[in-house]
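K.L.:
Input structure: run-v1.cif, which contains mmCIF, N, CA and C atoms and all ligand atoms.
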```cif
data_input
loop_
_atom_site.label_atom_id
_atom_site.label_comp_id
_atom_site.auth_asym_id
_atom_site.auth_seq_id
_atom_site.Cartn_x
_atom_site.Cartn_y
_atom_site.Cartn_z
N MET A 899 10.84 5.83 -6.84
CA MET A 899 10.85 5.10 -5.57
C MET A 899 12.10 5.45 -4.78
N LYS A 900 11.90 5.77 -3.53
CA LYS A 900 13.04 6.04 -2.65
C LYS A 900 13.69 4.72 -2.26
N THR A 901 14.99 4.72 -2.21
CA THR A 901 15.66 3.48 -1.83
C THR A 901 16.35 3.61 -0.49
N ALA A 902 16.57 2.47 0.09
CA ALA A 902 17.28 2.41 1.37
C ALA A 902 18.22 1.21 1.30
N ILE A 903 19.05 1.11 2.30
CA ILE A 903 20.01 0.00 2.34
C ILE A 903 19.59 -0.95 3.45
N CYS A 904 19.46 -2.22 3.10
CA CYS A 904 19.11 -3.20 4.11
C CYS A 904 20.23 -3.25 5.17
N PRO A 905 19.86 -3.15 6.44
CA PRO A 905 20.89 -3.13 7.48
C PRO A 905 21.62 -4.47 7.61
N ARG A 906 21.03 -5.52 7.05
CA ARG A 906 21.66 -6.83 7.22
C ARG A 906 22.50 -7.24 5.99
N CYS A 907 21.84 -7.24 4.81
CA CYS A 907 22.57 -7.73 3.64
C CYS A 907 23.09 -6.58 2.77
N HIS A 908 22.75 -5.33 3.13
CA HIS A 908 23.27 -4.13 2.47
C HIS A 908 22.90 -4.04 1.00
N GLN A 909 21.80 -4.66 0.62
CA GLN A 909 21.28 -4.49 -0.73
C GLN A 909 20.46 -3.19 -0.76
N SER A 910 20.35 -2.64 -1.95
CA SER A 910 19.51 -1.47 -2.11
C SER A 910 18.05 -1.92 -2.24
N ILE A 911 17.20 -1.39 -1.38
CA ILE A 911 15.80 -1.82 -1.36
C ILE A 911 14.87 -0.62 -1.30
N ASP A 912 13.60 -0.87 -1.56
CA ASP A 912 12.57 0.17 -1.45
C ASP A 912 12.50 0.69 -0.01
N ALA A 913 12.53 1.99 0.12
CA ALA A 913 12.53 2.59 1.46
C ALA A 913 11.24 2.29 2.23
N GLN A 914 10.17 1.98 1.49
CA GLN A 914 8.89 1.69 2.14
C GLN A 914 8.72 0.21 2.47
N ALA A 915 9.69 -0.60 2.08
CA ALA A 915 9.55 -2.05 2.27
C ALA A 915 9.44 -2.41 3.74
N VAL A 916 8.60 -3.38 4.00
CA VAL A 916 8.46 -3.83 5.39
C VAL A 916 9.36 -5.04 5.64
N ALA A 917 9.85 -5.65 4.57
CA ALA A 917 10.80 -6.74 4.72
C ALA A 917 11.78 -6.66 3.56
N CYS A 918 13.02 -7.00 3.80
CA CYS A 918 14.02 -6.98 2.74
C CYS A 918 13.70 -8.10 1.74
N PRO A 919 13.56 -7.77 0.45
CA PRO A 919 13.23 -8.81 -0.53
C PRO A 919 14.39 -9.79 -0.75
N TYR A 920 15.58 -9.44 -0.32
CA TYR A 920 16.73 -10.31 -0.55
C TYR A 920 16.95 -11.27 0.61
N CYS A 921 16.99 -10.75 1.83
CA CYS A 921 17.31 -11.63 2.97
C CYS A 921 16.11 -11.82 3.89
N ARG A 922 14.97 -11.24 3.56
CA ARG A 922 13.73 -11.37 4.33
C ARG A 922 13.81 -10.76 5.74
N THR A 923 14.83 -9.97 5.97
CA THR A 923 14.90 -9.30 7.27
C THR A 923 13.69 -8.39 7.44
N SER A 924 13.06 -8.48 8.57
CA SER A 924 11.90 -7.65 8.85
C SER A 924 12.34 -6.22 9.11
N LEU A 925 11.81 -5.29 8.32
CA LEU A 925 12.21 -3.90 8.43
C LEU A 925 11.03 -3.09 8.93
N LYS A 926 10.76 -3.19 10.17
CA LYS A 926 9.58 -2.54 10.73
C LYS A 926 9.65 -1.04 10.54
N ALA A 927 8.78 -0.54 9.67
CA ALA A 927 8.72 0.89 9.40
C ALA A 927 10.08 1.45 9.06
N PHE A 928 10.84 0.72 8.31
CA PHE A 928 12.16 1.19 7.89
C PHE A 928 11.99 2.45 7.07
N GLY A 929 12.73 3.47 7.40
CA GLY A 929 12.58 4.72 6.69
C GLY A 929 11.54 5.63 7.31
N HIS A 930 10.85 5.15 8.32
CA HIS A 930 9.89 5.97 9.06
C HIS A 930 10.26 5.92 10.54
N PRO A 931 11.36 6.51 10.92
CA PRO A 931 11.76 6.39 12.32
C PRO A 931 10.70 6.95 13.26
N GLY A 932 10.39 6.21 14.27
CA GLY A 932 9.45 6.70 15.27
C GLY A 932 8.01 6.38 14.96
N ILE A 933 7.71 5.96 13.73
CA ILE A 933 6.33 5.62 13.42
C ILE A 933 6.20 4.10 13.38
N PRO A 934 5.50 3.54 14.32
CA PRO A 934 5.37 2.08 14.31
C PRO A 934 4.43 1.63 13.20
N LEU A 935 4.82 0.59 12.53
CA LEU A 935 3.95 0.01 11.50
C LEU A 935 3.28 -1.20 12.10
N HIS A 936 1.97 -1.14 12.19
CA HIS A 936 1.25 -2.26 12.78
C HIS A 936 0.96 -3.30 11.72
N ARG A 937 1.02 -4.54 12.12
CA ARG A 937 0.76 -5.61 11.17
C ARG A 937 -0.27 -6.57 11.71
N ALA A 938 -1.08 -7.06 10.81
CA ALA A 938 -2.12 -8.00 11.21
C ALA A 938 -1.48 -9.32 11.64
N VAL A 939 -2.03 -9.91 12.66
CA VAL A 939 -1.59 -11.24 13.05
C VAL A 939 -2.64 -12.24 12.58
N GLY A 940 -2.18 -13.34 12.03
CA GLY A 940 -3.10 -14.35 11.53
C GLY A 940 -3.85 -13.83 10.33
N SER A 941 -5.11 -14.18 10.20
CA SER A 941 -5.86 -13.82 9.01
C SER A 941 -6.80 -12.65 9.26
N GLU A 942 -6.73 -12.06 10.43
CA GLU A 942 -7.62 -10.94 10.74
C GLU A 942 -7.08 -9.64 10.18
N TYR A 943 -7.97 -8.83 9.62
CA TYR A 943 -7.55 -7.53 9.15
C TYR A 943 -7.40 -6.59 10.33
N LEU A 944 -6.45 -5.69 10.20
CA LEU A 944 -6.21 -4.72 11.27
C LEU A 944 -7.45 -3.88 11.55
N CYS A 945 -8.14 -3.52 10.47
CA CYS A 945 -9.29 -2.63 10.62
C CYS A 945 -10.37 -3.21 11.54
N ASP A 946 -10.47 -4.53 11.57
CA ASP A 946 -11.50 -5.16 12.39
C ASP A 946 -11.38 -4.78 13.86
N SER A 947 -10.16 -4.53 14.30
CA SER A 947 -9.98 -4.17 15.71
C SER A 947 -9.44 -2.76 15.85
N CYS A 948 -9.65 -1.95 14.81
CA CYS A 948 -9.09 -0.60 14.84
C CYS A 948 -10.14 0.42 15.30
N THR A 949 -9.70 1.30 16.19
CA THR A 949 -10.58 2.35 16.70
C THR A 949 -11.14 3.21 15.58
N TYR A 950 -10.30 3.53 14.59
CA TYR A 950 -10.72 4.45 13.54
C TYR A 950 -11.68 3.80 12.55
N HIS A 951 -11.68 2.47 12.53
CA HIS A 951 -12.68 1.78 11.71
C HIS A 951 -14.00 1.78 12.47
N ALA A 952 -13.92 1.52 13.76
CA ALA A 952 -15.13 1.45 14.59
C ALA A 952 -15.85 2.79 14.65
N ASP A 953 -15.09 3.88 14.75
CA ASP A 953 -15.77 5.17 14.85
C ASP A 953 -15.88 5.86 13.50
N ASP A 954 -15.50 5.14 12.43
CA ASP A 954 -15.71 5.63 11.07
C ASP A 954 -14.95 6.91 10.76
N THR A 955 -13.77 7.08 11.32
CA THR A 955 -12.99 8.28 11.02
C THR A 955 -11.83 7.99 10.07
N CYS A 956 -11.66 6.72 9.70
CA CYS A 956 -10.54 6.38 8.82
C CYS A 956 -10.94 6.57 7.36
N ASN A 957 -10.06 7.23 6.59
CA ASN A 957 -10.33 7.32 5.15
C ASN A 957 -9.17 6.75 4.34
N PHE A 958 -8.45 5.83 4.95
CA PHE A 958 -7.37 5.17 4.24
C PHE A 958 -7.94 4.27 3.15
N PRO A 959 -7.31 4.24 1.97
CA PRO A 959 -7.84 3.40 0.89
C PRO A 959 -7.79 1.90 1.21
N GLN A 960 -6.88 1.50 2.08
CA GLN A 960 -6.77 0.06 2.36
C GLN A 960 -7.84 -0.43 3.34
N ARG A 961 -8.55 0.51 3.94
CA ARG A 961 -9.62 0.10 4.83
C ARG A 961 -10.74 -0.55 4.02
N PRO A 962 -11.44 -1.57 4.45
CA PRO A 962 -11.26 -2.24 5.74
C PRO A 962 -10.40 -3.49 5.66
N TYR A 963 -9.52 -3.55 4.68
CA TYR A 963 -8.73 -4.78 4.51
C TYR A 963 -7.25 -4.55 4.74
N ALA A 964 -6.92 -3.66 5.65
CA ALA A 964 -5.52 -3.36 5.91
C ALA A 964 -4.85 -4.50 6.66
N LEU A 965 -3.71 -4.91 6.10
CA LEU A 965 -2.91 -5.90 6.82
C LEU A 965 -1.71 -5.22 7.47
N GLU A 966 -1.42 -4.04 6.98
CA GLU A 966 -0.36 -3.23 7.56
C GLU A 966 -0.85 -1.80 7.61
N CYS A 967 -0.58 -1.13 8.69
CA CYS A 967 -1.06 0.24 8.80
C CYS A 967 -0.27 0.99 9.86
N THR A 968 0.07 2.23 9.55
CA THR A 968 0.82 3.03 10.52
C THR A 968 -0.12 3.75 11.48
N LEU A 969 -1.38 3.85 11.12
CA LEU A 969 -2.33 4.60 11.94
C LEU A 969 -3.15 3.72 12.86
N TYR A 970 -3.01 2.42 12.68
CA TYR A 970 -3.84 1.48 13.44
C TYR A 970 -3.85 1.78 14.93
N GLN A 971 -5.03 1.74 15.49
CA GLN A 971 -5.22 2.00 16.91
C GLN A 971 -6.06 0.85 17.48
N ASP A 972 -5.45 0.04 18.31
CA ASP A 972 -6.15 -1.10 18.88
C ASP A 972 -7.32 -0.64 19.73
N ILE A 973 -8.51 -1.09 19.36
CA ILE A 973 -9.72 -0.63 20.05
C ILE A 973 -9.75 -1.14 21.49
N ASN A 974 -9.10 -2.24 21.75
CA ASN A 974 -9.10 -2.79 23.11
C ASN A 974 -8.13 -2.06 24.03
N GLN A 975 -7.29 -1.24 23.46
CA GLN A 975 -6.33 -0.53 24.30
C GLN A 975 -6.52 0.96 24.24
N SER A 976 -7.68 1.40 23.76
CA SER A 976 -7.89 2.83 23.61
C SER A 976 -8.69 3.41 24.77
N HIS A 977 -8.35 3.00 25.97
CA HIS A 977 -9.09 3.50 27.13
C HIS A 977 -8.57 4.83 27.63
N SER A 978 -7.27 5.05 27.50
CA SER A 978 -6.73 6.31 28.00
C SER A 978 -7.03 7.44 27.03
N ALA A 979 -7.14 8.64 27.56
CA ALA A 979 -7.61 9.77 26.78
C ALA A 979 -6.68 10.10 25.62
N GLU A 980 -5.38 10.02 25.81
CA GLU A 980 -4.47 10.46 24.75
C GLU A 980 -4.41 9.45 23.62
N GLN A 981 -4.95 8.27 23.82
CA GLN A 981 -4.90 7.28 22.76
C GLN A 981 -6.10 7.35 21.82
N LYS A 982 -7.11 8.12 22.16
CA LYS A 982 -8.23 8.20 21.24
C LYS A 982 -8.65 9.64 21.02
N PRO A 983 -7.88 10.33 20.19
CA PRO A 983 -8.16 11.74 19.96
C PRO A 983 -9.44 11.99 19.19
N TYR A 984 -9.95 11.01 18.46
CA TYR A 984 -11.09 11.24 17.58
C TYR A 984 -12.41 10.72 18.12
N THR A 985 -12.39 9.99 19.20
CA THR A 985 -13.62 9.33 19.60
C THR A 985 -14.54 10.27 20.36
N GLY A 986 -15.75 10.39 19.86
CA GLY A 986 -16.78 11.13 20.56
C GLY A 986 -17.65 10.16 21.32
N SER A 987 -18.75 10.63 21.87
CA SER A 987 -19.56 9.75 22.70
C SER A 987 -20.31 8.71 21.85
N THR A 988 -20.75 9.09 20.64
CA THR A 988 -21.44 8.09 19.83
C THR A 988 -20.49 6.97 19.44
N ALA A 989 -19.23 7.33 19.18
CA ALA A 989 -18.25 6.30 18.84
C ALA A 989 -18.03 5.39 20.03
N ASN A 990 -18.04 5.96 21.22
CA ASN A 990 -17.89 5.13 22.42
C ASN A 990 -19.04 4.14 22.54
N ILE A 991 -20.24 4.62 22.27
CA ILE A 991 -21.41 3.74 22.34
C ILE A 991 -21.31 2.65 21.29
N LYS A 992 -20.92 3.06 20.07
CA LYS A 992 -20.76 2.08 18.99
C LYS A 992 -19.75 1.01 19.35
N SER A 993 -18.62 1.44 19.88
CA SER A 993 -17.59 0.44 20.18
C SER A 993 -18.00 -0.40 21.38
N TRP A 994 -18.76 0.19 22.30
CA TRP A 994 -19.26 -0.59 23.44
C TRP A 994 -20.20 -1.68 22.93
N ILE A 995 -21.09 -1.29 21.99
CA ILE A 995 -22.02 -2.27 21.42
C ILE A 995 -21.24 -3.37 20.70
N ARG A 996 -20.22 -2.97 19.94
CA ARG A 996 -19.40 -3.95 19.25
C ARG A 996 -18.79 -4.95 20.23
N ARG A 997 -18.30 -4.42 21.34
CA ARG A 997 -17.59 -5.29 22.28
C ARG A 997 -18.56 -6.15 23.08
N HIS A 998 -19.81 -5.70 23.22
CA HIS A 998 -20.75 -6.45 24.04
C HIS A 998 -21.88 -7.04 23.22
N GLN A 999 -21.61 -7.28 21.92
CA GLN A 999 -22.62 -7.82 21.03
C GLN A 999 -23.25 -9.10 21.58
N GLY A 1000 -22.40 -9.99 22.07
CA GLY A 1000 -22.88 -11.28 22.57
C GLY A 1000 -23.87 -11.10 23.70
N LEU A 1001 -23.50 -10.26 24.63
CA LEU A 1001 -24.35 -9.99 25.79
C LEU A 1001 -25.69 -9.37 25.36
N LEU A 1002 -25.62 -8.42 24.43
CA LEU A 1002 -26.84 -7.77 23.95
C LEU A 1002 -27.77 -8.76 23.27
N MET A 1003 -27.18 -9.65 22.45
CA MET A 1003 -27.98 -10.67 21.78
C MET A 1003 -28.68 -11.56 22.80
N LEU A 1004 -27.94 -11.93 23.85
CA LEU A 1004 -28.49 -12.79 24.89
C LEU A 1004 -29.67 -12.10 25.57
N LEU A 1005 -29.52 -10.81 25.85
CA LEU A 1005 -30.59 -10.06 26.49
C LEU A 1005 -31.83 -10.01 25.59
N VAL A 1006 -31.60 -9.80 24.28
CA VAL A 1006 -32.71 -9.76 23.33
C VAL A 1006 -33.44 -11.10 23.31
N ILE A 1007 -32.66 -12.18 23.28
CA ILE A 1007 -33.26 -13.52 23.25
C ILE A 1007 -34.05 -13.77 24.53
N LEU A 1008 -33.47 -13.40 25.66
CA LEU A 1008 -34.16 -13.56 26.94
C LEU A 1008 -35.48 -12.79 26.94
N PHE A 1009 -35.42 -11.58 26.43
CA PHE A 1009 -36.59 -10.71 26.40
C PHE A 1009 -37.69 -11.34 25.53
N ILE A 1010 -37.28 -11.86 24.36
CA ILE A 1010 -38.25 -12.48 23.45
C ILE A 1010 -38.87 -13.72 24.09
N SER A 1011 -38.03 -14.54 24.72
CA SER A 1011 -38.61 -15.75 25.33
C SER A 1011 -39.52 -15.39 26.50
N PHE A 1012 -39.21 -14.29 27.17
CA PHE A 1012 -40.07 -13.79 28.23
C PHE A 1012 -41.45 -13.42 27.68
N LEU A 1013 -41.44 -12.72 26.53
CA LEU A 1013 -42.71 -12.33 25.88
C LEU A 1013 -43.51 -13.56 25.46
N ILE A 1014 -42.80 -14.55 24.91
CA ILE A 1014 -43.48 -15.78 24.48
C ILE A 1014 -44.09 -16.47 25.69
N ALA A 1015 -43.33 -16.52 26.77
CA ALA A 1015 -43.81 -17.17 27.99
C ALA A 1015 -45.08 -16.49 28.51
N LEU A 1016 -45.13 -15.19 28.38
CA LEU A 1016 -46.29 -14.44 28.86
C LEU A 1016 -47.55 -14.77 28.06
N ARG A 1017 -47.37 -15.04 26.78
CA ARG A 1017 -48.53 -15.28 25.91
C ARG A 1017 -49.21 -16.62 26.17
N PHE A 1018 -48.46 -17.59 26.71
CA PHE A 1018 -49.07 -18.90 26.89
C PHE A 1018 -49.49 -19.17 28.32
S1 LIG A 1101 -6.36 3.29 10.44
FE1 LIG A 1101 -5.53 1.53 9.30
S2 LIG A 1101 -6.17 -0.25 10.46
FE2 LIG A 1101 -7.42 1.46 11.14
S3 LIG A 1101 -9.27 1.38 9.87
FE3 LIG A 1101 -7.83 2.74 8.86
S4 LIG A 1101 -6.73 1.42 7.42
FE4 LIG A 1101 -7.71 0.09 8.90
ZN ZN A 1102 18.53 -7.70 3.30
#
```
Show me the file's structure as structure tokens.
Ligand code: SF4
Ligand SMILES: [Zn+2]

P.N.:
Amino acid sequence: MKTAICPRCHQSIDAQAVACPYCRTSLKAFGHPGIPLHRAVGSEYLCDSCTYHADDTCNFPQRPYALECTLYQDINQSHSAEQKPYTGSTANIKSWIRRHQGLLMLLVILFISFLIALRF
């Protein structure tokens, strides 16, 4: 295990640690300069809102239950071209369906009730 020094309490800690085990200082991607480590907020897994989960391009072992991930890509913010290098058109359709599930369900229900109305 690679070690690092906590910037606050100066204890020797795991270089991959996201928080110092001694003083609980948050060490966001400590030892990985420039790579942001994304963390789940609340009880939701990161993968649930991740572009790479939606388009099925992620092969990380922690998927789909990642609470921390360096590759996480927020699906709601992946509108600009440089933010979604892997998304093809089918992935766009998939993510569109995911985002508009409620609306689609409503349309299906409306359509069904329309058919029922026609029969009587
Ligand atoms: S990149 Fe990370 S957050 Fe996204 S699906 Fe893979 S493991 Fe989950
Ligand atoms: Zn510390």

K.L.:
If you count only C-alpha atoms, which residues fall within 9 Å of A:Ser947, apart from same-chain ones fewer than 5 positions away, as number ranges by chain?

P.N.:
A: 942, 952, 970-974

K.L.:
Taking only C-alpha atoms and all ligand atoms and a cut-off of 7 Å, can you tell me which residues surround ligand ZN 1102 (chain A), written as a list of chain:residue names?

P.N.:
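Those within range of ligand ZN 1102 (chain A) are A:Cys904, A:Pro905, A:Arg906, A:Cys907, A:His908, A:Gln909, A:Cys918, A:Pro919, A:Tyr920, A:Cys921, A:Arg922, A:Thr923.
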
K.L.:
Show me a table, sorted first by chain and then by increasing residue number, of the residues of chain A having an atom at most 10 Å from ligand LIG 1101 (chain A), each with its shortest atom pair and the distance in Å to one decimal, counting only C-alpha atoms and all ligand atoms and written as JSON lines.

P.N.:
```
{"residue": "A:Leu935", "atom": "CA", "partner": "A:LIG1101", "partner_atom": "FE1", "distance": 9.8}
{"residue": "A:His936", "atom": "CA", "partner": "A:LIG1101", "partner_atom": "S2", "distance": 8.0}
{"residue": "A:Arg937", "atom": "CA", "partner": "A:LIG1101", "partner_atom": "S2", "distance": 8.8}
{"residue": "A:Ala938", "atom": "CA", "partner": "A:LIG1101", "partner_atom": "S2", "distance": 8.8}
{"residue": "A:Tyr943", "atom": "CA", "partner": "A:LIG1101", "partner_atom": "S2", "distance": 7.5}
{"residue": "A:Leu944", "atom": "CA", "partner": "A:LIG1101", "partner_atom": "S2", "distance": 4.5}
{"residue": "A:Cys945", "atom": "CA", "partner": "A:LIG1101", "partner_atom": "FE4", "distance": 3.6}
{"residue": "A:Asp946", "atom": "CA", "partner": "A:LIG1101", "partner_atom": "S3", "distance": 7.4}
{"residue": "A:Ser947", "atom": "CA", "partner": "A:LIG1101", "partner_atom": "S2", "distance": 7.6}
{"residue": "A:Cys948", "atom": "CA", "partner": "A:LIG1101", "partner_atom": "FE2", "distance": 4.6}
{"residue": "A:Thr949", "atom": "CA", "partner": "A:LIG1101", "partner_atom": "FE2", "distance": 6.5}
{"residue": "A:Tyr950", "atom": "CA", "partner": "A:LIG1101", "partner_atom": "S3", "distance": 5.0}
{"residue": "A:His951", "atom": "CA", "partner": "A:LIG1101", "partner_atom": "S3", "distance": 3.9}
{"residue": "A:Ala952", "atom": "CA", "partner": "A:LIG1101", "partner_atom": "S3", "distance": 7.5}
{"residue": "A:Asp953", "atom": "CA", "partner": "A:LIG1101", "partner_atom": "S3", "distance": 9.0}
{"residue": "A:Asp954", "atom": "CA", "partner": "A:LIG1101", "partner_atom": "S3", "distance": 7.8}
{"residue": "A:Thr955", "atom": "CA", "partner": "A:LIG1101", "partner_atom": "FE3", "distance": 7.9}
{"residue": "A:Cys956", "atom": "CA", "partner": "A:LIG1101", "partner_atom": "FE3", "distance": 4.5}
{"residue": "A:Asn957", "atom": "CA", "partner": "A:LIG1101", "partner_atom": "FE3", "distance": 6.4}
{"residue": "A:Phe958", "atom": "CA", "partner": "A:LIG1101", "partner_atom": "S4", "distance": 5.0}
{"residue": "A:Pro959", "atom": "CA", "partner": "A:LIG1101", "partner_atom": "S4", "distance": 6.9}
{"residue": "A:Gln960", "atom": "CA", "partner": "A:LIG1101", "partner_atom": "S4", "distance": 5.2}
{"residue": "A:Arg961", "atom": "CA", "partner": "A:LIG1101", "partner_atom": "S4", "distance": 4.1}
{"residue": "A:Pro962", "atom": "CA", "partner": "A:LIG1101", "partner_atom": "FE4", "distance": 5.3}
{"residue": "A:Tyr963", "atom": "CA", "partner": "A:LIG1101", "partner_atom": "FE4", "distance": 6.6}
{"residue": "A:Ala964", "atom": "CA", "partner": "A:LIG1101", "partner_atom": "FE4", "distance": 5.1}
{"residue": "A:Leu965", "atom": "CA", "partner": "A:LIG1101", "partner_atom": "S2", "distance": 7.5}
{"residue": "A:Glu966", "atom": "CA", "partner": "A:LIG1101", "partner_atom": "S2", "distance": 7.1}
{"residue": "A:Cys967", "atom": "CA", "partner": "A:LIG1101", "partner_atom": "FE1", "distance": 4.7}
{"residue": "A:Thr968", "atom": "CA", "partner": "A:LIG1101", "partner_atom": "FE1", "distance": 6.6}
{"residue": "A:Leu969", "atom": "CA", "partner": "A:LIG1101", "partner_atom": "S1", "distance": 4.5}
{"residue": "A:Tyr970", "atom": "CA", "partner": "A:LIG1101", "partner_atom": "S2", "distance": 4.2}
{"residue": "A:Gln971", "atom": "CA", "partner": "A:LIG1101", "partner_atom": "FE2", "distance": 6.2}
{"residue": "A:Asp972", "atom": "CA", "partner": "A:LIG1101", "partner_atom": "FE2", "distance": 8.3}
{"residue": "A:Ile973", "atom": "CA", "partner": "A:LIG1101", "partner_atom": "FE2", "distance": 9.4}
```

K.L.:
Can I get the selection written as a compact mmCIF listing (two decimals), keeping the file's coordinate frame, with N, CA and C atoms?

P.N.:
```txt
# COMPACT_ATOMS: atom_id res chain seq x y z
N LEU A 935 4.82 0.59 12.53
CA LEU A 935 3.95 0.01 11.50
C LEU A 935 3.28 -1.20 12.10
N HIS A 936 1.97 -1.14 12.19
CA HIS A 936 1.25 -2.26 12.78
C HIS A 936 0.96 -3.30 11.72
N ARG A 937 1.02 -4.54 12.12
CA ARG A 937 0.76 -5.61 11.17
C ARG A 937 -0.27 -6.57 11.71
N ALA A 938 -1.08 -7.06 10.81
CA ALA A 938 -2.12 -8.00 11.21
C ALA A 938 -1.48 -9.32 11.64
N TYR A 943 -7.97 -8.83 9.62
CA TYR A 943 -7.55 -7.53 9.15
C TYR A 943 -7.40 -6.59 10.33
N LEU A 944 -6.45 -5.69 10.20
CA LEU A 944 -6.21 -4.72 11.27
C LEU A 944 -7.45 -3.88 11.55
N CYS A 945 -8.14 -3.52 10.47
CA CYS A 945 -9.29 -2.63 10.62
C CYS A 945 -10.37 -3.21 11.54
N ASP A 946 -10.47 -4.53 11.57
CA ASP A 946 -11.50 -5.16 12.39
C ASP A 946 -11.38 -4.78 13.86
N SER A 947 -10.16 -4.53 14.30
CA SER A 947 -9.98 -4.17 15.71
C SER A 947 -9.44 -2.76 15.85
N CYS A 948 -9.65 -1.95 14.81
CA CYS A 948 -9.09 -0.60 14.84
C CYS A 948 -10.14 0.42 15.30
N THR A 949 -9.70 1.30 16.19
CA THR A 949 -10.58 2.35 16.70
C THR A 949 -11.14 3.21 15.58
N TYR A 950 -10.30 3.53 14.59
CA TYR A 950 -10.72 4.45 13.54
C TYR A 950 -11.68 3.80 12.55
N HIS A 951 -11.68 2.47 12.53
CA HIS A 951 -12.68 1.78 11.71
C HIS A 951 -14.00 1.78 12.47
N ALA A 952 -13.92 1.52 13.76
CA ALA A 952 -15.13 1.45 14.59
C ALA A 952 -15.85 2.79 14.65
N ASP A 953 -15.09 3.88 14.75
CA ASP A 953 -15.77 5.17 14.85
C ASP A 953 -15.88 5.86 13.50
N ASP A 954 -15.50 5.14 12.43
CA ASP A 954 -15.71 5.63 11.07
C ASP A 954 -14.95 6.91 10.76
N THR A 955 -13.77 7.08 11.32
CA THR A 955 -12.99 8.28 11.02
C THR A 955 -11.83 7.99 10.07
N CYS A 956 -11.66 6.72 9.70
CA CYS A 956 -10.54 6.38 8.82
C CYS A 956 -10.94 6.57 7.36
N ASN A 957 -10.06 7.23 6.59
CA ASN A 957 -10.33 7.32 5.15
C ASN A 957 -9.17 6.75 4.34
N PHE A 958 -8.45 5.83 4.95
CA PHE A 958 -7.37 5.17 4.24
C PHE A 958 -7.94 4.27 3.15
N PRO A 959 -7.31 4.24 1.97
CA PRO A 959 -7.84 3.40 0.89
C PRO A 959 -7.79 1.90 1.21
N GLN A 960 -6.88 1.50 2.08
CA GLN A 960 -6.77 0.06 2.36
C GLN A 960 -7.84 -0.43 3.34
N ARG A 961 -8.55 0.51 3.94
CA ARG A 961 -9.62 0.10 4.83
C ARG A 961 -10.74 -0.55 4.02
N PRO A 962 -11.44 -1.57 4.45
CA PRO A 962 -11.26 -2.24 5.74
C PRO A 962 -10.40 -3.49 5.66
N TYR A 963 -9.52 -3.55 4.68
CA TYR A 963 -8.73 -4.78 4.51
C TYR A 963 -7.25 -4.55 4.74
N ALA A 964 -6.92 -3.66 5.65
CA ALA A 964 -5.52 -3.36 5.91
C ALA A 964 -4.85 -4.50 6.66
N LEU A 965 -3.71 -4.91 6.10
CA LEU A 965 -2.91 -5.90 6.82
C LEU A 965 -1.71 -5.22 7.47
N GLU A 966 -1.42 -4.04 6.98
CA GLU A 966 -0.36 -3.23 7.56
C GLU A 966 -0.85 -1.80 7.61
N CYS A 967 -0.58 -1.13 8.69
CA CYS A 967 -1.06 0.24 8.80
C CYS A 967 -0.27 0.99 9.86
N THR A 968 0.07 2.23 9.55
CA THR A 968 0.82 3.03 10.52
C THR A 968 -0.12 3.75 11.48
N LEU A 969 -1.38 3.85 11.12
CA LEU A 969 -2.33 4.60 11.94
C LEU A 969 -3.15 3.72 12.86
N TYR A 970 -3.01 2.42 12.68
CA TYR A 970 -3.84 1.48 13.44
C TYR A 970 -3.85 1.78 14.93
N GLN A 971 -5.03 1.74 15.49
CA GLN A 971 -5.22 2.00 16.91
C GLN A 971 -6.06 0.85 17.48
N ASP A 972 -5.45 0.04 18.31
CA ASP A 972 -6.15 -1.10 18.88
C ASP A 972 -7.32 -0.64 19.73
N ILE A 973 -8.51 -1.09 19.36
CA ILE A 973 -9.72 -0.63 20.05
C ILE A 973 -9.75 -1.14 21.49
```

K.L.:
Mind giving me the straight-line distance from atom CA of A:Gln975 to atom CA of A:Ser987 in Å, one decimal?

P.N.:
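It comes out at 16.8 Å.
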
K.L.:
Name the residues of chain A that come out as helix (DSSP H, G or I) in a backbone DSSP run; write them as a PyMOL selection string.

P.N.:
chain A and resi 944-947+949-952+973-975+979-981+987-997+999-1017

K.L.:
In Å, rounded to a single decimal, give me how far atom CA of A:Leu925 is from atom CA of A:Asp912.

P.N.:
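A separation of 10.7 Å between them.
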
K.L.:
Tell me, in Å to one decimal, how far atom CA of A:Gly940 is from atom C of A:Ser924.

P.N.:
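Those two atoms sit 17.6 Å apart.
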
K.L.:
Would you please give, as JSON, numbers by chain, all residues of stretch 903-1004 of chain A that DSSP assigns to strand (DSSP E) based on the backbone?

P.N.:
{"A": [903, 910, 911, 912, 936, 937, 966, 967]}
